[in-house]
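So the structure is just underneath, and the comments pick up after that.
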Amino acid sequence: MKLLPCSAAKTTSPVTQNTVEDEMEMATVRHRPEALELLEAQSKFTKKELQILYRGFKNECPSGVVNEETFKEIYSQFFPQGDSTTYAHFLFNAFDTDHNGSVSFEDFVMGLSILLRGTVQEKLNWAFNLYDINKDGYITKEEMLDIMKAIYDMMGKCTYPVLKEDAPRQHVETFFQKMDKNKDGVVTIDEFIEIRNLYLLANVIIVLHRLLE
């Protein structure tokens, strides 16, 4: 949480916070007193976990939001050997579900809930949304290539062995050969989930086979 500052100036908060105060202050993010109960019902976190998460978020982000530029700056600290700017942009858009140019505490919690405790289906939907850059319900080769190039740029010289320049495009072609079942040049959410589930099933079968050997 300390690596997630917001766009507003920081303020000093007491180390110990009263539960009632936490709930009231969290409600100011969207000015809704029932915010905590809603997040508990909508996420995979308990009320206590949400209070702890919010306390850390509030200490670093009194305004309750993180803008894209700040998000990029923070993300770059994890990949100093490369350029994470483009990938951070795509990731920010995936967290910014209402597309208002900022990530609120609610946005952060719901994304984190899926990534950490979501079902396979929920995680696949989230991943599809990340790849579907223009949010039209399809993944095109161009969108996939943009994501792959961003990942390679972010990793920089960290890959071994050193990858060829056309590696991103080769990966995209392999991806589409497996997932674009009707060969129409785009991947739908159903195609994306079906092939991923087949891979998961195959992995389970392999593990079971090894256990029985």
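How things are named: the first chain in the structure tokens is A, the next is B, and so on; residues count from 1 in each chain; ligands count from 1 in the order shown.
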Each stretch 32-126 of chain A residue no farther than 9 Å from stretch 176-199 of chain A, nearest pair in Å, only C-alpha atoms, as a Markdown table:
| residue | atom | partner | partner_atom | distance |
| --- | --- | --- | --- | --- |
| A:Val120 | CA | A:Asn197 | CA | 8.5 |
| A:Gln121 | CA | A:Ile193 | CA | 7.4 |
| A:Leu124 | CA | A:Ile193 | CA | 6.4 |
| A:Asn125 | CA | A:Ile189 | CA | 7.4 |
* To do: Measuring atom to atom with only C-alpha atoms, identify which of A:His89, A:Arg55, A:Lys123, A:Lys47 is nearest to A:Phe105.
  =>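 When distances to A:Phe105 are compared using only C-alpha atoms, the smallest one comes from A:Arg55.
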* Structure fact -> atom CA of A:Asp153 sits from atom CA of A:Thr86 at a separation of 8.3 Å
* From a DSSP calculation on the backbone, collect every residue of stretch 93-202 of chain A in alpha helix (DSSP H) and output the set as a count of residues only. => 70
* Of the candidates A:Asp146, A:Glu37, A:Glu49, A:Glu106, which shows the shortest atom-to-atom distance to A:Asp132, using only C-alpha atoms? ->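 Distance minimum relative to A:Asp132 lands on A:Asp146.
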* **Length of the atom CA of A:Gly111 to atom CA of A:Ser43 vector [Å]** =>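 Spanning atom CA of A:Gly111 to atom CA of A:Ser43 is a straight-line distance of 9.0 Å.
Residues of stretch 59-103 of chain A assigned to strand (DSSP E or B) by DSSP on this structure's backbone: Val65, Val66, Asn67, Ser102 and Val103 of chain A.
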